[in-house]
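Notes follow once the structure below has been shown.
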Amino acid sequence: MNWIYKTDASNSARYILGIEGKNPLICVGVNPSTAVPNHLDRTLKSVETFSKMNGYDSWIMLNLYPQRATNPKNLHLSSNDKIMKENIKTIEDVFSKYKHADIWAAWGNLIKSRSFLKECLKAIIDISDSKEHHWIYFGNLTKRNHPRHPLSLSRQSCRHMIDIDSYYSNL
């Protein structure tokens with residue numbers, strides 16, 4: 001098992017964490033916590049479980065915003081352009097390498113917690129290729145019509161396609 005892992009020099013931002021494979025489930029959350037290879041948090045254990053249960057051979061965790069925060073309320077109040085540019089570059093590299101991968105929208109209602117998160121999602125949508133990448137979510141949408149965070153899902157949650165452009169236009 002080969003880990004994929006990239007942080008900034010101060011370890012205050014994480015750009016990617018996952019396991020390399022041929023058919024990964026690419027998950028996009030809001031922001032990373034403290035998980036590292038071989039020491040996953042509850043969210044990443046859930047991502048790992050959903051990837052196995054749904055026929056993927058690996059998983060990759062990306063985020064709308066790369067700042068590490070155990071509590072999303074501690075996220076920057078405005079976007080840090082330096083870490084955002086590196087985040088988008090990393091995501092672009094992943095999307096290029098895994099051209100036909102499913103991208104799991106998994107940010108829950110937290111996408112509304114900072115106004116810049118919508119801009120982050122737009123940048124990610126713009127680099128995904130709708131002809132090659134399939135955006136999905138698991139379970140039901142939240143009452144506010146957002147794709148659920150992995151910790152708010154039951155193991156029986158089904159996979160659904162999401163029209164990410166339509167979702168974004170209604171955000």
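In the structure tokens, chains take the letters A, B, ... in the order shown, each chain's residues start at 1, and ligands count up from 1 in the order shown.
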Which of chain A fall in alpha helix (DSSP H), as a ChimeraX atom specification: /A:42-53,81-97,116-127,164-169
Selected residues, N, CA and C atoms, written as a tab-separated table (two decimals), in the first residue's frame, please.
```tsv
chain	number	residue	atom	x	y	z
A	42	ARG	N	-11.70	9.83	12.18
A	42	ARG	CA	-12.98	9.16	11.93
A	42	ARG	C	-13.50	9.44	10.51
A	43	THR	N	-13.31	10.65	10.04
A	43	THR	CA	-13.76	10.99	8.68
A	43	THR	C	-13.07	10.12	7.65
A	44	LEU	N	-11.76	10.01	7.75
A	44	LEU	CA	-11.03	9.23	6.75
A	44	LEU	C	-11.25	7.74	6.89
A	45	LYS	N	-11.51	7.27	8.09
A	45	LYS	CA	-11.90	5.85	8.24
A	45	LYS	C	-13.22	5.60	7.52
A	46	SER	N	-14.12	6.57	7.58
A	46	SER	CA	-15.39	6.46	6.88
A	46	SER	C	-15.18	6.49	5.36
A	47	VAL	N	-14.32	7.36	4.88
A	47	VAL	CA	-14.01	7.43	3.45
A	47	VAL	C	-13.42	6.09	2.99
A	48	GLU	N	-12.51	5.56	3.77
A	48	GLU	CA	-11.90	4.27	3.45
A	48	GLU	C	-12.96	3.16	3.38
A	49	THR	N	-13.87	3.16	4.34
A	49	THR	CA	-14.94	2.16	4.37
A	49	THR	C	-15.85	2.28	3.15
A	50	PHE	N	-16.28	3.49	2.83
A	50	PHE	CA	-17.16	3.68	1.67
A	50	PHE	C	-16.46	3.31	0.37
A	51	SER	N	-15.16	3.57	0.28
A	51	SER	CA	-14.46	3.19	-0.95
A	51	SER	C	-14.44	1.67	-1.11
A	52	LYS	N	-14.15	0.96	-0.04
A	52	LYS	CA	-14.12	-0.52	-0.10
A	52	LYS	C	-15.51	-1.09	-0.40
A	53	MET	N	-16.53	-0.56	0.28
A	53	MET	CA	-17.89	-1.09	0.13
A	53	MET	C	-18.47	-0.84	-1.26
A	81	ASP	N	-4.38	32.94	-0.28
A	81	ASP	CA	-4.15	32.66	-1.70
A	81	ASP	C	-3.01	31.69	-1.93
A	82	LYS	N	-1.97	31.76	-1.13
A	82	LYS	CA	-0.81	30.88	-1.32
A	82	LYS	C	-1.21	29.41	-1.17
A	83	ILE	N	-1.89	29.07	-0.09
A	83	ILE	CA	-2.25	27.66	0.11
A	83	ILE	C	-3.38	27.25	-0.84
A	84	MET	N	-4.22	28.21	-1.23
A	84	MET	CA	-5.29	27.87	-2.19
A	84	MET	C	-4.71	27.52	-3.55
A	85	LYS	N	-3.72	28.27	-4.01
A	85	LYS	CA	-3.10	27.98	-5.31
A	85	LYS	C	-2.45	26.58	-5.29
A	86	GLU	N	-1.78	26.26	-4.19
A	86	GLU	CA	-1.15	24.94	-4.09
A	86	GLU	C	-2.21	23.84	-4.03
A	87	ASN	N	-3.31	24.12	-3.35
A	87	ASN	CA	-4.41	23.15	-3.27
A	87	ASN	C	-4.98	22.87	-4.66
A	88	ILE	N	-5.24	23.91	-5.43
A	88	ILE	CA	-5.80	23.74	-6.77
A	88	ILE	C	-4.81	23.02	-7.67
A	89	LYS	N	-3.53	23.33	-7.57
A	89	LYS	CA	-2.52	22.63	-8.37
A	89	LYS	C	-2.50	21.14	-8.03
A	90	THR	N	-2.57	20.81	-6.75
A	90	THR	CA	-2.59	19.41	-6.33
A	90	THR	C	-3.83	18.70	-6.86
A	91	ILE	N	-4.97	19.34	-6.74
A	91	ILE	CA	-6.22	18.74	-7.22
A	91	ILE	C	-6.17	18.55	-8.74
A	92	GLU	N	-5.65	19.52	-9.43
A	92	GLU	CA	-5.51	19.40	-10.89
A	92	GLU	C	-4.64	18.20	-11.26
A	93	ASP	N	-3.56	18.00	-10.53
A	93	ASP	CA	-2.68	16.85	-10.77
A	93	ASP	C	-3.42	15.53	-10.54
A	94	VAL	N	-4.21	15.46	-9.48
A	94	VAL	CA	-4.97	14.25	-9.17
A	94	VAL	C	-6.01	13.99	-10.26
A	95	PHE	N	-6.75	15.02	-10.66
A	95	PHE	CA	-7.78	14.85	-11.68
A	95	PHE	C	-7.16	14.44	-13.03
A	96	SER	N	-5.97	14.94	-13.31
A	96	SER	CA	-5.29	14.56	-14.57
A	96	SER	C	-4.84	13.11	-14.53
A	97	LYS	N	-4.36	12.68	-13.39
A	97	LYS	CA	-3.87	11.30	-13.27
A	97	LYS	C	-5.01	10.29	-13.29
A	116	PHE	N	-15.78	32.20	1.08
A	116	PHE	CA	-14.78	31.84	0.07
A	116	PHE	C	-14.83	30.36	-0.32
A	117	LEU	N	-15.52	29.52	0.45
A	117	LEU	CA	-15.59	28.10	0.11
A	117	LEU	C	-16.33	27.87	-1.21
A	118	LYS	N	-17.30	28.72	-1.51
A	118	LYS	CA	-18.00	28.62	-2.79
A	118	LYS	C	-17.02	28.88	-3.94
A	119	GLU	N	-16.13	29.86	-3.77
A	119	GLU	CA	-15.11	30.14	-4.78
A	119	GLU	C	-14.15	28.96	-4.94
A	120	CYS	N	-13.82	28.32	-3.82
A	120	CYS	CA	-12.95	27.15	-3.87
A	120	CYS	C	-13.60	26.03	-4.67
A	121	LEU	N	-14.89	25.79	-4.41
A	121	LEU	CA	-15.60	24.76	-5.16
A	121	LEU	C	-15.62	25.09	-6.65
A	122	LYS	N	-15.86	26.34	-7.00
A	122	LYS	CA	-15.89	26.73	-8.42
A	122	LYS	C	-14.56	26.42	-9.10
A	123	ALA	N	-13.45	26.71	-8.42
A	123	ALA	CA	-12.13	26.42	-9.00
A	123	ALA	C	-11.95	24.92	-9.23
A	124	ILE	N	-12.47	24.11	-8.32
A	124	ILE	CA	-12.35	22.65	-8.45
A	124	ILE	C	-13.25	22.14	-9.57
A	125	ILE	N	-14.46	22.66	-9.64
A	125	ILE	CA	-15.37	22.27	-10.73
A	125	ILE	C	-14.74	22.60	-12.08
A	126	ASP	N	-14.13	23.76	-12.16
A	126	ASP	CA	-13.54	24.20	-13.43
A	126	ASP	C	-12.42	23.30	-13.91
A	127	ILE	N	-11.71	22.63	-13.00
A	127	ILE	CA	-10.64	21.74	-13.44
A	127	ILE	C	-11.08	20.29	-13.58
A	164	ILE	N	-23.03	18.66	-10.73
A	164	ILE	CA	-22.27	19.61	-9.93
A	164	ILE	C	-22.43	21.05	-10.42
A	165	ASP	N	-22.63	21.23	-11.72
A	165	ASP	CA	-22.83	22.59	-12.23
A	165	ASP	C	-24.15	23.16	-11.76
A	166	SER	N	-25.19	22.34	-11.79
A	166	SER	CA	-26.50	22.77	-11.31
A	166	SER	C	-26.46	23.02	-9.80
A	167	TYR	N	-25.81	22.12	-9.07
A	167	TYR	CA	-25.67	22.33	-7.62
A	167	TYR	C	-24.99	23.66	-7.34
A	168	TYR	N	-23.89	23.91	-8.04
A	168	TYR	CA	-23.14	25.16	-7.81
A	168	TYR	C	-23.99	26.40	-8.12
A	169	SER	N	-24.73	26.35	-9.21
A	169	SER	CA	-25.54	27.51	-9.58
A	169	SER	C	-26.64	27.82	-8.56
```
Contact residues around Pro24 of chain A with only C-alpha atoms at 10 Å, ignoring same-chain residues under 2 positions, as a list in words: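 Here the qualifying residues turn out to be Gly18, Ile19, Glu20, Gly21, Lys22, Ile26, Cys27, Ser51, Lys52, Gly55, Tyr56, Asp57, Ser58, Trp59, Ile60, Met61, Tyr98, His100, Ala101, Asp102 and Ile103 of chain A.
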Using only C-alpha atoms, I'd like a table of the residues in segment 62-141 of chain A that come within 8 Å of segment 5-13 of chain A; for each, show the closest atom pair and its distance in Å rounded to one decimal, ordered by chain and ascending number, as CSV.
```
residue,atom,partner,partner_atom,distance
A:Pro66,CA,A:Ala13,CA,5.0
A:Gln67,CA,A:Ala13,CA,4.3
A:Arg68,CA,A:Ala13,CA,5.1
A:Ile83,CA,A:Ala13,CA,7.2
```
Just write the chosen residues, N, CA, C and O atoms, as an mmCIF file, in the first residue's frame.
```cif
data_model
loop_
_atom_site.group_PDB
_atom_site.id
_atom_site.type_symbol
_atom_site.label_atom_id
_atom_site.label_comp_id
_atom_site.auth_asym_id
_atom_site.auth_seq_id
_atom_site.Cartn_x
_atom_site.Cartn_y
_atom_site.Cartn_z
ATOM 1 N N PRO A 66 -7.426 23.868 2.156
ATOM 2 C CA PRO A 66 -6.460 22.953 2.748
ATOM 3 C C PRO A 66 -6.033 23.236 4.185
ATOM 4 O O PRO A 66 -5.248 22.472 4.750
ATOM 5 N N GLN A 67 -6.522 24.301 4.795
ATOM 6 C CA GLN A 67 -6.099 24.617 6.163
ATOM 7 C C GLN A 67 -6.530 23.518 7.123
ATOM 8 O O GLN A 67 -7.689 23.119 7.162
ATOM 9 N N ARG A 68 -5.589 23.019 7.912
ATOM 10 C CA ARG A 68 -5.908 22.027 8.940
ATOM 11 C C ARG A 68 -6.637 22.728 10.085
ATOM 12 O O ARG A 68 -6.162 23.738 10.602
ATOM 13 N N ILE A 83 -1.889 29.071 -0.087
ATOM 14 C CA ILE A 83 -2.252 27.664 0.106
ATOM 15 C C ILE A 83 -3.379 27.249 -0.840
ATOM 16 O O ILE A 83 -3.457 26.095 -1.232
#
```
Spatial neighbours of Leu62 of chain A, 7 Å, only C-alpha atoms, chain gap at least 5 places, as a PyMOL selection string: chain A and resi 15-16+27-29
Just the selected residues (all heavy atoms), exported as a JSON list (two decimals), in the first residue's frame, please.
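Just written: out_19.json:
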```json
[["chain", "number", "residue", "atom", "x", "y", "z"],
["A", 15, "TYR", "N", -2.77, 19.03, 1.62],
["A", 15, "TYR", "CA", -3.31, 19.08, 0.27],
["A", 15, "TYR", "C", -3.90, 17.75, -0.19],
["A", 15, "TYR", "O", -4.85, 17.74, -0.96],
["A", 15, "TYR", "CB", -2.23, 19.56, -0.71],
["A", 15, "TYR", "CG", -1.67, 20.90, -0.31],
["A", 15, "TYR", "CD1", -0.40, 21.02, 0.26],
["A", 15, "TYR", "CD2", -2.43, 22.06, -0.45],
["A", 15, "TYR", "CE1", 0.10, 22.25, 0.65],
["A", 15, "TYR", "CE2", -1.94, 23.29, -0.05],
["A", 15, "TYR", "CZ", -0.68, 23.38, 0.49],
["A", 15, "TYR", "OH", -0.20, 24.60, 0.89],
["A", 16, "ILE", "N", -3.34, 16.68, 0.29],
["A", 16, "ILE", "CA", -3.80, 15.37, -0.16],
["A", 16, "ILE", "C", -3.40, 14.31, 0.85],
["A", 16, "ILE", "O", -2.35, 14.38, 1.47],
["A", 16, "ILE", "CB", -3.22, 15.03, -1.56],
["A", 16, "ILE", "CG1", -3.82, 13.74, -2.12],
["A", 16, "ILE", "CG2", -1.71, 14.98, -1.53],
["A", 16, "ILE", "CD1", -3.46, 13.49, -3.59],
["A", 27, "CYS", "N", -12.49, 11.86, -2.75],
["A", 27, "CYS", "CA", -13.42, 12.54, -1.86],
["A", 27, "CYS", "C", -12.99, 14.00, -1.70],
["A", 27, "CYS", "O", -11.82, 14.28, -1.47],
["A", 27, "CYS", "CB", -13.44, 11.83, -0.51],
["A", 27, "CYS", "SG", -14.63, 12.52, 0.65],
["A", 28, "VAL", "N", -13.95, 14.91, -1.80],
["A", 28, "VAL", "CA", -13.69, 16.33, -1.57],
["A", 28, "VAL", "C", -14.51, 16.77, -0.37],
["A", 28, "VAL", "O", -15.74, 16.81, -0.43],
["A", 28, "VAL", "CB", -14.04, 17.18, -2.81],
["A", 28, "VAL", "CG1", -13.77, 18.66, -2.53],
["A", 28, "VAL", "CG2", -13.27, 16.72, -4.04],
["A", 29, "GLY", "N", -13.80, 17.07, 0.71],
["A", 29, "GLY", "CA", -14.44, 17.58, 1.92],
["A", 29, "GLY", "C", -14.28, 19.08, 2.02],
["A", 29, "GLY", "O", -13.96, 19.76, 1.04]]
```
8 Å contact set for Val36 of chain A, only C-alpha atoms, chain neighbours under 3 positions out, as an MDAnalysis selection string: chainID A and resid 5 17 39:40
Residue with smallest distance to Asn74 of chain A - pool A:His149, A:Leu25, A:Trp104, A:Ser33, counting only C-alpha atoms: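 Distance minimum relative to Asn74 of chain A lands on A:Ser33.
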Exercise: Lys143 of chain A partners within 12 Å, only C-alpha atoms, chain neighbours under 3 positions left out, as a PyMOL selection string: chain A and resi 108-109+140+146-148
Restrict the selected residues to all heavy atoms and save them as a short mmCIF file (atom, residue, chain, number, x, y, z; two decimals), in the first residue's frame.
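Final output, saved to part37.cif:
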```cif
data_model
loop_
_atom_site.label_atom_id
_atom_site.label_comp_id
_atom_site.auth_asym_id
_atom_site.auth_seq_id
_atom_site.Cartn_x
_atom_site.Cartn_y
_atom_site.Cartn_z
N GLY A 108 -21.07 18.62 3.21
CA GLY A 108 -22.19 18.93 4.10
C GLY A 108 -22.53 20.42 4.10
O GLY A 108 -22.15 21.17 3.20
N ASN A 109 -23.22 20.85 5.14
CA ASN A 109 -23.63 22.25 5.25
C ASN A 109 -22.46 23.18 5.52
O ASN A 109 -22.60 24.40 5.43
CB ASN A 109 -24.67 22.41 6.37
CG ASN A 109 -25.98 21.73 6.02
OD1 ASN A 109 -26.33 21.57 4.85
ND2 ASN A 109 -26.70 21.30 7.04
N ASN A 140 -28.76 10.81 1.46
CA ASN A 140 -29.65 11.88 1.03
C ASN A 140 -28.93 13.22 1.19
O ASN A 140 -28.03 13.34 2.02
CB ASN A 140 -30.92 11.90 1.87
CG ASN A 140 -31.71 10.62 1.74
OD1 ASN A 140 -31.80 10.07 0.64
ND2 ASN A 140 -32.26 10.14 2.83
N HIS A 146 -27.31 20.05 0.54
CA HIS A 146 -25.87 19.87 0.34
C HIS A 146 -25.54 18.38 0.48
O HIS A 146 -26.18 17.66 1.25
CB HIS A 146 -25.08 20.68 1.36
CG HIS A 146 -25.37 22.14 1.30
ND1 HIS A 146 -25.06 22.92 0.21
CD2 HIS A 146 -25.97 22.97 2.19
CE1 HIS A 146 -25.46 24.16 0.44
NE2 HIS A 146 -26.00 24.21 1.64
N PRO A 147 -24.52 17.92 -0.23
CA PRO A 147 -24.09 16.52 -0.08
C PRO A 147 -23.50 16.30 1.32
O PRO A 147 -22.73 17.13 1.81
CB PRO A 147 -23.03 16.34 -1.17
CG PRO A 147 -22.64 17.71 -1.61
CD PRO A 147 -23.72 18.65 -1.22
N ARG A 148 -23.89 15.22 1.93
CA ARG A 148 -23.53 14.95 3.33
C ARG A 148 -22.05 14.69 3.55
O ARG A 148 -21.37 14.10 2.71
CB ARG A 148 -24.32 13.77 3.85
CG ARG A 148 -25.78 14.06 4.01
CD ARG A 148 -26.51 12.98 4.77
NE ARG A 148 -27.90 13.34 4.87
CZ ARG A 148 -28.41 14.15 5.78
NH1 ARG A 148 -27.64 14.66 6.70
NH2 ARG A 148 -29.70 14.45 5.78
#
```
Counting only C-alpha atoms, the residue of A:Arg155, A:Lys99, A:His76, A:Arg114 that sits nearest Asp129 of chain A: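 The answer is A:Lys99, which sits nearest to Asp129 of chain A.
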Strand (DSSP E or B) residues, from DSSP on the backbone, in segment 3-171 of chain A, as number ranges by chain: A: 3-7, 13-19, 24-29, 36, 39, 58-63, 67, 102-105, 134-138, 159-161
Go ahead and save the picked residues with C-alpha atoms, as a tab-separated table (two decimals), in the first residue's frame.
```tsv
chain	number	residue	atom	x	y	z
A	3	TRP	CA	0.41	6.41	0.74
A	4	ILE	CA	-0.13	9.73	-1.01
A	5	TYR	CA	0.47	12.62	1.37
A	6	LYS	CA	1.35	16.27	0.93
A	7	THR	CA	1.35	19.17	3.40
A	13	ALA	CA	-2.22	22.85	5.44
A	14	ARG	CA	-2.79	19.39	3.99
A	15	TYR	CA	-3.31	19.08	0.27
A	16	ILE	CA	-3.80	15.37	-0.16
A	17	LEU	CA	-4.00	12.14	1.82
A	18	GLY	CA	-4.84	8.78	0.38
A	19	ILE	CA	-3.81	5.42	-0.91
A	24	PRO	CA	-9.72	5.47	-6.45
A	25	LEU	CA	-12.72	7.15	-4.91
A	26	ILE	CA	-11.74	10.83	-4.79
A	27	CYS	CA	-13.42	12.54	-1.86
A	28	VAL	CA	-13.69	16.33	-1.57
A	29	GLY	CA	-14.44	17.58	1.92
A	36	VAL	CA	-1.77	11.37	8.60
A	39	HIS	CA	-3.28	7.38	11.73
A	58	SER	CA	-8.21	2.99	-3.14
A	59	TRP	CA	-9.22	6.45	-1.97
A	60	ILE	CA	-7.92	10.00	-2.07
A	61	MET	CA	-8.98	12.80	0.27
A	62	LEU	CA	-8.93	16.36	-1.04
A	63	ASN	CA	-10.59	19.45	0.40
A	67	GLN	CA	-6.10	24.62	6.16
A	102	ASP	CA	-15.64	9.33	-9.31
A	103	ILE	CA	-15.45	12.54	-7.29
A	104	TRP	CA	-17.39	12.34	-4.03
A	105	ALA	CA	-18.90	15.67	-2.96
A	134	HIS	CA	-18.43	11.69	-12.36
A	135	TRP	CA	-19.50	13.73	-9.36
A	136	ILE	CA	-21.37	11.66	-6.77
A	137	TYR	CA	-22.68	11.85	-3.22
A	138	PHE	CA	-23.83	9.25	-0.72
A	159	ARG	CA	-24.39	6.37	-4.14
A	160	HIS	CA	-26.08	9.01	-6.33
A	161	MET	CA	-24.93	11.15	-9.24
```
Atom CA of Pro32 of chain A to atom CA of Leu75 of chain A, straight-line distance in Å: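 So the answer is 10.3 Å.
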Shortest interatomic distance to Leu77 of chain A - which of A:Asp41, A:Asp163, A:Ser113, A:His133, counting only C-alpha atoms: A:Ser113
Between atom CA of Ser79 of chain A and atom CA of Ser115 of chain A, distance in Å (one decimal):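 One can read the atom CA of Ser79 of chain A to atom CA of Ser115 of chain A distance as 9.2 Å.
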